[in-house]
Every structure is written in C-alpha cells, then in structure tokens.
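The structure under discussion appears below in the form of structure tokens.
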Amino acid sequence: MPTQRSLFLQHVAQTSDFPLCLEIEKAEGMYMTDVDGKTYLDLISGISVSNLGHRHPNVINAVKEQLEKYTYLMVYGEFVQSPQVKLAQLLCSQLPSPLNSCYFVNSGSEANEGAMKLAKRYTGRKEIISFKNAYHGSTQGCLSIIGGNDFKKPFEPLLPNITQIAFNNENDLAKITEKTACVVVEPIMGEAGIIAPQNNFLQKLRARCTETGALLIFDEIQTGFGRTGKLFALEHFGVVPDILTLAKAMGGGFPIGAFVSSNAIMSSLKNNPILGHITTFGGHPVSCAAAFANLHTLLTDKELISSVAQKEQLFKQLLVHPSIKEVRSFGLMLAIEFDSFETNKAIIDKCIEKGVLTDWFLFNDKSLRIAPPLIITNKEIEWACKIILEAI
C-alpha cells in the first residue's frame, strides 16, 4: 500500500528534486509535530506568514464564527460583506494618509500584479522599474520584475518595458523618468538576504518618484504586520508610498493579500475599462475574518511588536561563531551568512535533524534564514541558537 510520502511525491506537483518531505500532523504556537511525534521549533514562520504562530486562538475563533454565517457569496467587490468592510476600515486606520482604499486578493503575487496594473492605468505610462535581487512573486508579471535572471530566462518573453536598478545606488535614481509608471521596491530586501536601505535611500527614491510623477509601490509582503518591530516597515523611514502591497502574515495563516492606495488612484480601475481588475476569491469572508483577528491581536497585544527589537538583539548576541561571516537583521528578519551554499545547506539539514526548522534565501543561498513567529520566547531563542551553533 502506498505511503503518504509516496503519494505526495506522485500526485502533488513538485518544484525541486529535494523537497523537505516533513510530514506534519499538527502545528501549534511555535511548534510543528510530525507523524512520528517529533517536534520542530519553527524559525521561518512559513516564510514570514505565521507571525502570531500556528493556530492562534483569536484567529481560529474568528474563522469558526464566520463559518456559522457564510463562506462565499459572489465575485469580490459587488456585495457589502462585513468581514471585508471591518478589515478594510481597521487596516486603513493604521496607515498614513492617503492610503485609504483596499483591494483584497489571495496572495502576494496577486497584490503586486494588481498594483502594477493600477499604476499603469492611473499614469497612462508603460515602464516599470524594479530592483536587482528583489523578489515580488512568480506569476508572469511579477516574474518580469524580480531580480533573478536564472528564474526568468526559461519563461521569456515576459513583460516589456521593465528596467532594473540597484538598491541603495543613488545614481540609478536618474533612470526614473516621466516615462516611468511605477517603481516597485521592498523597503527591506528579503530574498536578497535582508538588505536594509542606507543613507536615506528610500526618502530619495520617494522624492524622485514625486518629481517625475511615477508611482512608488512598497512591497511589504514579507515585512508587514510586525515583522520589523513596527506594524509596517514604512514607519521606520517616514516614507509614504502611493501603493502598498501586503500578504503573507496578513491572514494569520489564511490566504489573503491586498494592494492599498488612495481613493483617487484606486478609482481609475472603475472605467476604461469597467472592472479594470477583478478576482473571484479575493476578499474571501473567512480569510478577511481571520485577517481582522490577526491585525486586532497585533494591535491589542502590544508586546508582540514592541519586543521584536529585544529579540533581534538576543539572536545577534548569541549567534557568534568563526564560521559566521556576517549577521544582517531588521527586526525578526535575520540572515546568517556562511562561506557557501554547501556549508549553509549542511547546517540547515543538521538543524532540522535536531528539531529546528530554518531555510535559506532565494537570491542569497549562502545565508541561513531566521524569521520566527513574533511569539517566540527568550528561552526558545536561546535554545534555537544553541542548536544552530551545534550544527555549525
């Protein structure tokens, strides 16, 4: 009789020849448990998804309550649905003016696809500028603007009129012109291995976009909802984008994303053509209920976000070893750099063997990823760092 593992490999589409193949039976809080009863401390949160940990009771209760009312009604944007309205109101109340209009989707890729369409529609321009080594998703539009050529070439031709510039390179800002519809940027670059802006780069980027009339899109899909020690990374820099994209940790483990802009910009999707962007399942009421509970919890349990900086420093204080070349961090996003992918992969495998789940970065595979749920305790950080050092 075939095993669950063999059926997984046979019938669930694979994207590499070496999936982890961990067969998880239950996840709760900081921990995942496999079918043999082995537990793993989760240091990656499903790539910055489970910021409240697994199965947070507030999220679970909100989902159960919504399931008793209704699940799906109709294509998003036609009916007045309380979960969508409550979430949009709460989310916009936490964002700077004029970000006051939310378009809900299902994922980060969809959020960025919608944001790019919105920018082109509003400005009437065709060029999109993005950054080398950036990651924004793997649908064809998002693939067109990410930074890794090895991922893009097999799928060409992709979107035309894409220009890539270097993060933290002020000279490249001159490439933003009156032909540019938008500039898409991660305020802290994630898959490049946690690269922070330097020398007021984001402020200078904002100024150049304003000067040329290009819209500035902040991709906060990985940085949002407390990951950096603020609810949103934009709060660290005093920069307000024209469009903000969100997903990952937004739903407390449920699929949801959004692009957020002003009413003035968002209204351009209403005509020429009508229904300028549509989605069947975006803004699903169950996901919106989960996302509302997730955001409300982050806002009311203030220690979750306020303790991020202290936990970041504890990781950095403990992760000291001659084999570690550099530790880069911004909140609970850390990259531990080694000399090669081979070294990093061996350490990751040993960590998993010892019950600590970690990973590497798409565009920086010699760095080990640490992005735990915000609920991680100091004791769990100490134990995780002990295991990582043993693995090294």
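Following the order of the structure tokens, first chain is A, next is B, and so on, with residues numbered from 1 inside each chain and ligands from 1 in the order they appear.
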Backbone-only DSSP, strand (DSSP E) members of segment 108-137 of chain A, as a ChimeraX atom specification: /A:127-131
All residues 9 Å or closer to Gly253 of chain A, only C-alpha atoms, same chain fewer than 5 positions away omitted, as a VMD selection string: chain A and resid 46 49 to 55 59 248 287 290 to 291
Who sits within 10 Å of Lys230 of chain A, only C-alpha atoms, same chain under 6 positions skipped, as a PyMOL selection string: chain A and resi 223-224+236+305-306+308-309+331
Counting only C-alpha atoms, what are the residues of segment 335-378 of chain A within 10 Å of segment 125-144 of chain A, and for each of them which pair of atoms is the nearest and at what distance in Å, to one decimal? Sort the table by chain and rising number, as JSON lines.
{"residue": "A:Leu362", "atom": "CA", "partner": "A:Tyr135", "partner_atom": "CA", "distance": 8.4}
{"residue": "A:Phe363", "atom": "CA", "partner": "A:Asn133", "partner_atom": "CA", "distance": 6.2}
{"residue": "A:Asn364", "atom": "CA", "partner": "A:Asn133", "partner_atom": "CA", "distance": 8.8}
For those residues, write C-alpha atoms to a file as a PDB file, in the first residue's frame.
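Done, and the output landed in again-v4.pdb:
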ATOM      1  CA  LEU A 362      16.213  32.642  -2.871  1.00  0.00           C
ATOM      2  CA  PHE A 363      18.843  35.145  -4.044  1.00  0.00           C
ATOM      3  CA  ASN A 364      21.371  34.598  -1.269  1.00  0.00           C
TER       4      ASN A 364
END
Residue neighbourhood segment 72-82 of chain A, 7 Å, only C-alpha atoms, exclusion window fewer than 2 positions, as a PyMOL selection string: chain A and resi 70+84-86+279-285
Within 12 Å of Met250 of chain A using only C-alpha atoms, minus same-chain residues under 5 positions, as an NGL selection string: :A and (48-52 or 59 or 87-88 or 91 or 104-108 or 220-227 or 231-232 or 245 or 255-259 or 283 or 287-298)
Create the file for the chosen residues now, containing N, CA and C atoms and written as a short mmCIF file (atom, residue, chain, number, x, y, z; two decimals), in the first residue's frame.
data_model
loop_
_atom_site.label_atom_id
_atom_site.label_comp_id
_atom_site.auth_asym_id
_atom_site.auth_seq_id
_atom_site.Cartn_x
_atom_site.Cartn_y
_atom_site.Cartn_z
N SER A 48 7.69 33.99 6.86
CA SER A 48 7.10 35.22 7.41
C SER A 48 5.58 35.26 7.28
N VAL A 49 4.94 34.12 7.38
CA VAL A 49 3.46 34.06 7.32
C VAL A 49 2.86 34.02 8.72
N SER A 50 3.34 33.10 9.55
CA SER A 50 2.70 32.84 10.85
C SER A 50 3.28 33.75 11.94
N ASN A 51 3.07 35.04 11.80
CA ASN A 51 3.64 35.98 12.77
C ASN A 51 3.09 35.79 14.16
N LEU A 52 1.85 35.30 14.28
CA LEU A 52 1.26 35.02 15.59
C LEU A 52 1.47 33.56 16.00
N VAL A 59 -7.51 33.91 15.96
CA VAL A 59 -7.76 33.67 14.53
C VAL A 59 -8.71 32.49 14.35
N LEU A 87 -12.30 44.71 8.06
CA LEU A 87 -10.85 44.59 7.85
C LEU A 87 -10.31 45.83 7.15
N ALA A 88 -10.98 46.29 6.10
CA ALA A 88 -10.50 47.46 5.35
C ALA A 88 -10.46 48.69 6.24
N LEU A 91 -7.54 48.25 8.81
CA LEU A 91 -6.25 48.33 8.14
C LEU A 91 -5.94 49.78 7.75
N PHE A 104 -8.70 43.66 -1.99
CA PHE A 104 -8.29 42.38 -1.42
C PHE A 104 -8.11 41.33 -2.51
N VAL A 105 -7.02 40.57 -2.38
CA VAL A 105 -6.71 39.47 -3.30
C VAL A 105 -6.37 38.24 -2.48
N ASN A 106 -5.74 37.24 -3.10
CA ASN A 106 -5.48 35.97 -2.42
C ASN A 106 -4.03 35.76 -2.01
N SER A 107 -3.11 36.55 -2.55
CA SER A 107 -1.69 36.26 -2.33
C SER A 107 -0.86 37.49 -2.63
N GLY A 108 0.43 37.39 -2.30
CA GLY A 108 1.35 38.48 -2.57
C GLY A 108 1.57 38.72 -4.05
N GLU A 220 5.42 45.28 0.89
CA GLU A 220 5.61 44.90 2.30
C GLU A 220 5.02 43.51 2.56
N ILE A 221 5.07 42.67 1.55
CA ILE A 221 4.50 41.33 1.69
C ILE A 221 5.25 40.53 2.74
N GLN A 222 6.56 40.71 2.82
CA GLN A 222 7.35 39.97 3.81
C GLN A 222 7.62 40.79 5.07
N THR A 223 7.57 42.12 4.96
CA THR A 223 7.95 42.96 6.09
C THR A 223 6.76 43.40 6.94
N GLY A 224 5.55 43.20 6.46
CA GLY A 224 4.38 43.73 7.13
C GLY A 224 3.95 42.97 8.37
N PHE A 225 3.09 43.60 9.15
CA PHE A 225 2.41 43.01 10.30
C PHE A 225 3.37 42.62 11.43
N GLY A 226 4.26 43.58 11.75
CA GLY A 226 5.09 43.46 12.94
C GLY A 226 6.45 42.85 12.77
N ARG A 227 6.75 42.32 11.62
CA ARG A 227 8.00 41.58 11.41
C ARG A 227 9.23 42.42 11.71
N LEU A 231 4.45 47.98 12.91
CA LEU A 231 3.38 47.26 12.20
C LEU A 231 3.73 47.13 10.72
N PHE A 232 4.23 48.23 10.14
CA PHE A 232 4.69 48.21 8.75
C PHE A 232 6.07 48.85 8.68
N THR A 245 1.61 47.02 -1.00
CA THR A 245 1.14 45.65 -1.20
C THR A 245 1.44 44.81 0.04
N PRO A 255 -5.21 32.45 3.44
CA PRO A 255 -4.76 33.11 2.20
C PRO A 255 -5.48 34.43 1.96
N ILE A 256 -4.71 35.50 1.98
CA ILE A 256 -5.24 36.82 1.67
C ILE A 256 -4.07 37.75 1.38
N GLY A 257 -4.31 38.71 0.52
CA GLY A 257 -3.36 39.77 0.24
C GLY A 257 -4.15 41.03 -0.09
N ALA A 258 -3.46 42.13 -0.32
CA ALA A 258 -4.14 43.37 -0.66
C ALA A 258 -3.16 44.33 -1.32
N PHE A 259 -3.69 45.17 -2.21
CA PHE A 259 -2.96 46.38 -2.57
C PHE A 259 -3.81 47.55 -2.12
N GLY A 283 -10.61 38.67 -1.07
CA GLY A 283 -11.53 39.18 -0.06
C GLY A 283 -12.50 38.14 0.45
N SER A 287 -11.25 34.40 5.12
CA SER A 287 -9.89 34.94 5.21
C SER A 287 -9.90 36.35 5.78
N CYS A 288 -10.90 37.15 5.42
CA CYS A 288 -10.98 38.51 5.97
C CYS A 288 -11.24 38.49 7.47
N ALA A 289 -12.08 37.56 7.92
CA ALA A 289 -12.33 37.43 9.36
C ALA A 289 -11.05 37.04 10.08
N ALA A 290 -10.28 36.11 9.50
CA ALA A 290 -9.00 35.71 10.08
C ALA A 290 -8.03 36.88 10.11
N ALA A 291 -7.98 37.64 9.02
CA ALA A 291 -7.05 38.78 8.92
C ALA A 291 -7.42 39.87 9.91
N PHE A 292 -8.72 40.11 10.12
CA PHE A 292 -9.14 41.11 11.10
C PHE A 292 -8.68 40.69 12.49
N ALA A 293 -8.91 39.42 12.85
CA ALA A 293 -8.49 38.93 14.17
C ALA A 293 -6.98 39.02 14.33
N ASN A 294 -6.26 38.70 13.27
CA ASN A 294 -4.79 38.77 13.28
C ASN A 294 -4.32 40.19 13.55
N LEU A 295 -4.85 41.15 12.80
CA LEU A 295 -4.45 42.55 12.96
C LEU A 295 -4.88 43.09 14.31
N HIS A 296 -6.10 42.77 14.73
CA HIS A 296 -6.59 43.25 16.03
C HIS A 296 -5.71 42.73 17.16
N THR A 297 -5.27 41.47 17.05
CA THR A 297 -4.39 40.90 18.07
C THR A 297 -3.05 41.63 18.12
N LEU A 298 -2.49 41.93 16.97
CA LEU A 298 -1.21 42.65 16.92
C LEU A 298 -1.34 44.04 17.54
#
Top pick for closest residue to Trp360 of chain A, considering A:Ile348, A:Leu304, A:Ala207, A:Ile194 and counting only C-alpha atoms: A:Ile348
